[in-house]
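K.L.:
To start, I am sharing the structure in question, which I have written as C-alpha cells.
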Amino acid sequence: MFVKVCGITNEEDALLAVALGADALGFVFAPGSRRQVTADTARDIVRRLPHGVVTVGVFRDERPERVVEIVHRVGLTGAQLHGREPISEVRWVRQRVQFVIQAFQAGDPALAAAANGPADIVLVDSAQPGSGKVFDWSLAEGVPGGVRLLLAGGLNPDNVQEAVRRVRPWGVDVSTGVESAPGRKDPRKLRRFLEATKEVAAVLEEPRPEASAERPFDWEVDLGLEP
C-alpha cells in the first residue's frame, strides 16, 4: 500500500519518514498553511533524499504555470492540487509533470466523474484539510471503481487500520496524525502509523487462491515511475 507522509518541513523528518518505510513525501506550498515551506527549503531537503523517493508539491488554487515551475525547480516527482482547480488546469499541469494527485472534499459530487479526469490519483480529504479531523468514511464510496484512491483526513496510528479495512484505498496520506506540533513529526507516532498501515495492507493484499497468478501490487509500475 502506498503511504504518503505530508507536511514535511525539515530534513530530519523527511529522512526519518523514508527510513521507516514511507513511499512518498509531501511539501506544502499553499499560502496560509502552518506547514508551508519555500521552494528553496524543499529543494534542499529533496537533494538529501535517497534515489527513488516520490516527492509531491501540494498546491491550492495556484496558477498552473507556477505549479509546474516549482515542481521542476525543486526537483519534485509530481504535484497535488488541493483547491478547486478546473479540469482544464489539472490537464495542463499533468501534461508537464510526471503525475498529478487531485484532491476532493469527502462527499463532493465531482468524485463521481473522477475516473474521467486527467489526475493519476484521487485524494479524498475532510472539509478542513490539515485539521486532523476524521470524516465519515462512507463518503469516500463516491469514488468510482478503477480509480487510485488516496485516503486522507484525520488518519492516525489508532484509526488507520479501521479506515483501510472499511474504505480499501490504494494508499493513505497522513500529516497531522503523526505530528508533535504543526510541521514537526513525532517519531513514535510515525513509526506506529507506518507499522499499522503495512500490517493491515499485508492482510488485505494477500492474493486469493484463484488470483495467485495476478501481478503483485507495485505502485512504481502503476504510476509509471519504475527505473
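We name chains A, B, ... following the order of the C-alpha cells; residues begin at 1 in each chain, and ligands are numbered from 1 as shown.
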Could you pull out the strand (DSSP E) residues of region 6-222 of chain A, going by DSSP on the backbone, and write them as a PyMOL selection string?

P.N.:
chain A and resi 24-28+54-59+78-81+99-105+121-125+149-151+171-174+179-181+184-185

K.L.:
Mind writing the picked residues with N, CA and C atoms as an mmCIF file, in the first residue's frame?

P.N.:
data_model
loop_
_atom_site.group_PDB
_atom_site.id
_atom_site.type_symbol
_atom_site.label_atom_id
_atom_site.label_comp_id
_atom_site.auth_asym_id
_atom_site.auth_seq_id
_atom_site.Cartn_x
_atom_site.Cartn_y
_atom_site.Cartn_z
ATOM 1 N N ALA A 24 6.231 8.125 -0.129
ATOM 2 C CA ALA A 24 6.224 9.475 -0.702
ATOM 3 C C ALA A 24 6.201 10.516 0.402
ATOM 4 N N LEU A 25 6.731 11.692 0.071
ATOM 5 C CA LEU A 25 6.726 12.823 0.992
ATOM 6 C C LEU A 25 6.033 13.997 0.323
ATOM 7 N N GLY A 26 5.243 14.733 1.113
ATOM 8 C CA GLY A 26 4.532 15.883 0.580
ATOM 9 C C GLY A 26 5.048 17.180 1.167
ATOM 10 N N PHE A 27 5.238 18.186 0.303
ATOM 11 C CA PHE A 27 5.701 19.506 0.710
ATOM 12 C C PHE A 27 4.613 20.521 0.371
ATOM 13 N N VAL A 28 4.149 21.249 1.370
ATOM 14 C CA VAL A 28 3.020 22.159 1.198
ATOM 15 C C VAL A 28 3.514 23.546 0.793
ATOM 16 N N VAL A 54 9.466 9.221 -3.843
ATOM 17 C CA VAL A 54 8.492 10.068 -4.529
ATOM 18 C C VAL A 54 8.264 11.331 -3.708
ATOM 19 N N THR A 55 8.343 12.474 -4.350
ATOM 20 C CA THR A 55 8.146 13.753 -3.667
ATOM 21 C C THR A 55 7.050 14.542 -4.373
ATOM 22 N N VAL A 56 6.168 15.135 -3.589
ATOM 23 C CA VAL A 56 4.973 15.782 -4.127
ATOM 24 C C VAL A 56 4.838 17.195 -3.588
ATOM 25 N N GLY A 57 4.583 18.139 -4.472
ATOM 26 C CA GLY A 57 4.294 19.506 -4.068
ATOM 27 C C GLY A 57 2.796 19.695 -3.939
ATOM 28 N N VAL A 58 2.359 20.233 -2.817
ATOM 29 C CA VAL A 58 0.931 20.429 -2.556
ATOM 30 C C VAL A 58 0.576 21.895 -2.782
ATOM 31 N N PHE A 59 -0.386 22.131 -3.677
ATOM 32 C CA PHE A 59 -0.784 23.480 -4.055
ATOM 33 C C PHE A 59 -2.297 23.641 -3.904
ATOM 34 N N GLY A 78 5.966 14.949 -8.539
ATOM 35 C CA GLY A 78 4.641 15.295 -9.016
ATOM 36 C C GLY A 78 4.004 16.418 -8.231
ATOM 37 N N ALA A 79 2.744 16.717 -8.581
ATOM 38 C CA ALA A 79 2.003 17.805 -7.950
ATOM 39 C C ALA A 79 0.684 17.297 -7.388
ATOM 40 N N GLN A 80 0.291 17.869 -6.265
ATOM 41 C CA GLN A 80 -1.016 17.593 -5.668
ATOM 42 C C GLN A 80 -1.809 18.887 -5.684
ATOM 43 N N LEU A 81 -2.958 18.868 -6.345
ATOM 44 C CA LEU A 81 -3.802 20.059 -6.473
ATOM 45 C C LEU A 81 -4.935 19.947 -5.478
ATOM 46 N N PHE A 99 3.288 13.085 -12.588
ATOM 47 C CA PHE A 99 1.956 12.640 -12.186
ATOM 48 C C PHE A 99 1.280 13.705 -11.351
ATOM 49 N N VAL A 100 -0.042 13.603 -11.266
ATOM 50 C CA VAL A 100 -0.844 14.581 -10.528
ATOM 51 C C VAL A 100 -1.802 13.862 -9.586
ATOM 52 N N ILE A 101 -1.862 14.360 -8.361
ATOM 53 C CA ILE A 101 -2.867 13.939 -7.393
ATOM 54 C C ILE A 101 -3.896 15.059 -7.314
ATOM 55 N N GLN A 102 -5.157 14.721 -7.507
ATOM 56 C CA GLN A 102 -6.206 15.739 -7.389
ATOM 57 C C GLN A 102 -7.028 15.454 -6.142
ATOM 58 N N ALA A 103 -7.150 16.462 -5.283
ATOM 59 C CA ALA A 103 -7.855 16.301 -4.023
ATOM 60 C C ALA A 103 -9.313 16.737 -4.137
ATOM 61 N N PHE A 104 -10.168 15.991 -3.457
ATOM 62 C CA PHE A 104 -11.589 16.305 -3.393
ATOM 63 C C PHE A 104 -12.037 16.266 -1.935
ATOM 64 N N GLN A 105 -12.991 17.119 -1.606
ATOM 65 C CA GLN A 105 -13.601 17.058 -0.289
ATOM 66 C C GLN A 105 -14.520 15.851 -0.234
ATOM 67 N N ILE A 121 -4.063 10.061 -9.511
ATOM 68 C CA ILE A 121 -4.516 9.624 -8.194
ATOM 69 C C ILE A 121 -5.569 10.604 -7.696
ATOM 70 N N VAL A 122 -6.597 10.078 -7.047
ATOM 71 C CA VAL A 122 -7.639 10.913 -6.460
ATOM 72 C C VAL A 122 -7.519 10.837 -4.943
ATOM 73 N N LEU A 123 -7.363 11.986 -4.314
ATOM 74 C CA LEU A 123 -7.263 12.045 -2.864
ATOM 75 C C LEU A 123 -8.580 12.548 -2.291
ATOM 76 N N VAL A 124 -9.084 11.868 -1.277
ATOM 77 C CA VAL A 124 -10.308 12.296 -0.602
ATOM 78 C C VAL A 124 -9.940 12.743 0.806
ATOM 79 N N ASP A 125 -10.299 13.971 1.135
ATOM 80 C CA ASP A 125 -9.908 14.583 2.397
ATOM 81 C C ASP A 125 -11.133 15.115 3.118
ATOM 82 N N LEU A 149 -7.355 5.545 -5.232
ATOM 83 C CA LEU A 149 -7.859 6.393 -4.158
ATOM 84 C C LEU A 149 -6.828 6.521 -3.050
ATOM 85 N N LEU A 150 -6.442 7.760 -2.768
ATOM 86 C CA LEU A 150 -5.534 8.063 -1.670
ATOM 87 C C LEU A 150 -6.392 8.664 -0.555
ATOM 88 N N LEU A 151 -6.480 7.966 0.562
ATOM 89 C CA LEU A 151 -7.353 8.385 1.657
ATOM 90 C C LEU A 151 -6.594 9.258 2.648
ATOM 91 N N GLY A 171 -4.029 3.882 -1.320
ATOM 92 C CA GLY A 171 -2.985 4.375 -0.440
ATOM 93 C C GLY A 171 -3.553 5.295 0.619
ATOM 94 N N VAL A 172 -2.709 5.715 1.537
ATOM 95 C CA VAL A 172 -3.137 6.621 2.613
ATOM 96 C C VAL A 172 -2.173 7.793 2.701
ATOM 97 N N ASP A 173 -2.683 8.904 3.212
ATOM 98 C CA ASP A 173 -1.925 10.151 3.328
ATOM 99 C C ASP A 173 -2.088 10.661 4.756
ATOM 100 N N VAL A 174 -0.974 10.931 5.418
ATOM 101 C CA VAL A 174 -1.043 11.372 6.813
ATOM 102 C C VAL A 174 -0.175 12.604 7.016
ATOM 103 N N GLU A 179 2.124 14.097 14.092
ATOM 104 C CA GLU A 179 2.893 15.273 14.484
ATOM 105 C C GLU A 179 2.942 15.460 15.999
ATOM 106 N N SER A 180 4.019 16.105 16.438
ATOM 107 C CA SER A 180 4.115 16.559 17.824
ATOM 108 C C SER A 180 3.702 18.025 17.912
ATOM 109 N N ALA A 181 3.827 18.723 16.774
ATOM 110 C CA ALA A 181 3.417 20.117 16.615
ATOM 111 C C ALA A 181 3.285 20.350 15.117
ATOM 112 N N ARG A 184 6.066 19.397 12.587
ATOM 113 C CA ARG A 184 7.094 18.583 13.238
ATOM 114 C C ARG A 184 6.540 17.194 13.492
ATOM 115 N N LYS A 185 7.194 16.173 12.924
ATOM 116 C CA LYS A 185 6.717 14.812 13.083
ATOM 117 C C LYS A 185 7.179 14.211 14.411
#

K.L.:
Can you measure CA of Arg91 (chain A) to CA of Gly117 (chain A) for me? One decimal in Å is fine.

P.N.:
8.0 Å

K.L.:
For Trp170 (chain A), find every residue with an atom within 12 Å (counting only C-alpha atoms), except residues of its own chain fewer than 3 positions away, and show them as a tab-separated table (two decimals) with C-alpha atoms, in the first residue's frame.

P.N.:
chain	number	residue	atom	x	y	z
A	1	MET	CA	0.00	0.00	0.00
A	2	PHE	CA	1.22	3.44	-0.97
A	3	VAL	CA	1.91	5.65	2.08
A	4	LYS	CA	2.45	9.38	1.73
A	120	ASP	CA	-3.35	9.82	-11.81
A	121	ILE	CA	-4.52	9.62	-8.19
A	122	VAL	CA	-7.64	10.91	-6.46
A	123	LEU	CA	-7.26	12.04	-2.86
A	124	VAL	CA	-10.31	12.30	-0.60
A	143	VAL	CA	-15.13	7.32	-5.89
A	145	GLY	CA	-14.07	1.79	-9.36
A	146	GLY	CA	-10.68	1.64	-11.01
A	147	VAL	CA	-9.53	4.94	-9.52
A	148	ARG	CA	-6.39	5.03	-7.39
A	149	LEU	CA	-7.86	6.39	-4.16
A	150	LEU	CA	-5.53	8.06	-1.67
A	151	LEU	CA	-7.35	8.38	1.66
A	152	ALA	CA	-6.57	11.35	3.93
A	163	ALA	CA	-10.03	3.16	7.77
A	164	VAL	CA	-8.17	0.88	5.38
A	165	ARG	CA	-10.45	-2.06	6.13
A	167	VAL	CA	-12.53	2.06	2.50
A	173	ASP	CA	-1.92	10.15	3.33
A	197	THR	CA	-0.57	0.55	7.72
A	201	ALA	CA	-2.16	-3.89	3.97
A	204	LEU	CA	-5.83	-7.24	2.75
A	205	GLU	CA	-3.46	-7.66	-0.19
A	217	PHE	CA	0.85	-4.76	-6.37
A	218	ASP	CA	3.61	-2.36	-7.44
A	219	TRP	CA	2.90	1.36	-7.09
A	222	ASP	CA	1.24	1.71	-11.60
A	223	LEU	CA	2.49	5.30	-11.65

K.L.:
Give me, please, the distance in Å between CA of Val203 (chain A) and CA of Asp158 (chain A), quoted to one decimal.

P.N.:
17.2 Å

K.L.:
Kindly give the distance, in Å, that separates CA of Leu49 (chain A) and CA of Glu89 (chain A), rounded to a single decimal.

P.N.:
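Here the two named atoms are 29.6 Å from each other.
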
K.L.:
Hey, what does DSSP flag as helix (DSSP H, G or I) within region 138-177 of chain A? Can you give it to me as a PyMOL selection string?

P.N.:
chain A and resi 138-142+160-167+176-177

K.L.:
Restricting the calculation to only C-alpha atoms: of A:Ala17, A:Ala140, A:Ile45, A:Val200, which residue gets closest to Leu76 (chain A)?

P.N.:
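Once distances to Leu76 (chain A) are computed over only C-alpha atoms, the minimum belongs to A:Ile45.
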
K.L.:
List the neighbours of Val90 (chain A) out to 8 Å using only C-alpha atoms; skip same-chain residues closer than 2 positions along the sequence, and give me the result as a list in words.

P.N.:
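Once the adjacent positions are removed, what remains is Pro64, Leu81, Glu85, Pro86, Ile87, Ser88, Trp92, Val93, Arg94, Val100, Gln102, Pro118 and Ala119 of chain A.
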
K.L.:
Which one is closest to Glu11 (chain A): A:Asn116, A:Arg191, A:Gly183, A:Ser126? Count only C-alpha atoms.

P.N.:
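The closest residue to Glu11 (chain A) is A:Gly183.
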
K.L.:
For Gln36 (chain A), work out the shell of residues within 9 Å, counting only C-alpha atoms and skipping chain neighbours fewer than 2 positions away, then give it as a list in words.

P.N.:
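Contacts, with the query itself left out: Gly7, Ile8, Thr9, Phe27, Val28, Phe29, Ala30, Pro31, Gly32, Ser33, Arg34, Thr38 and Gly183 of chain A.
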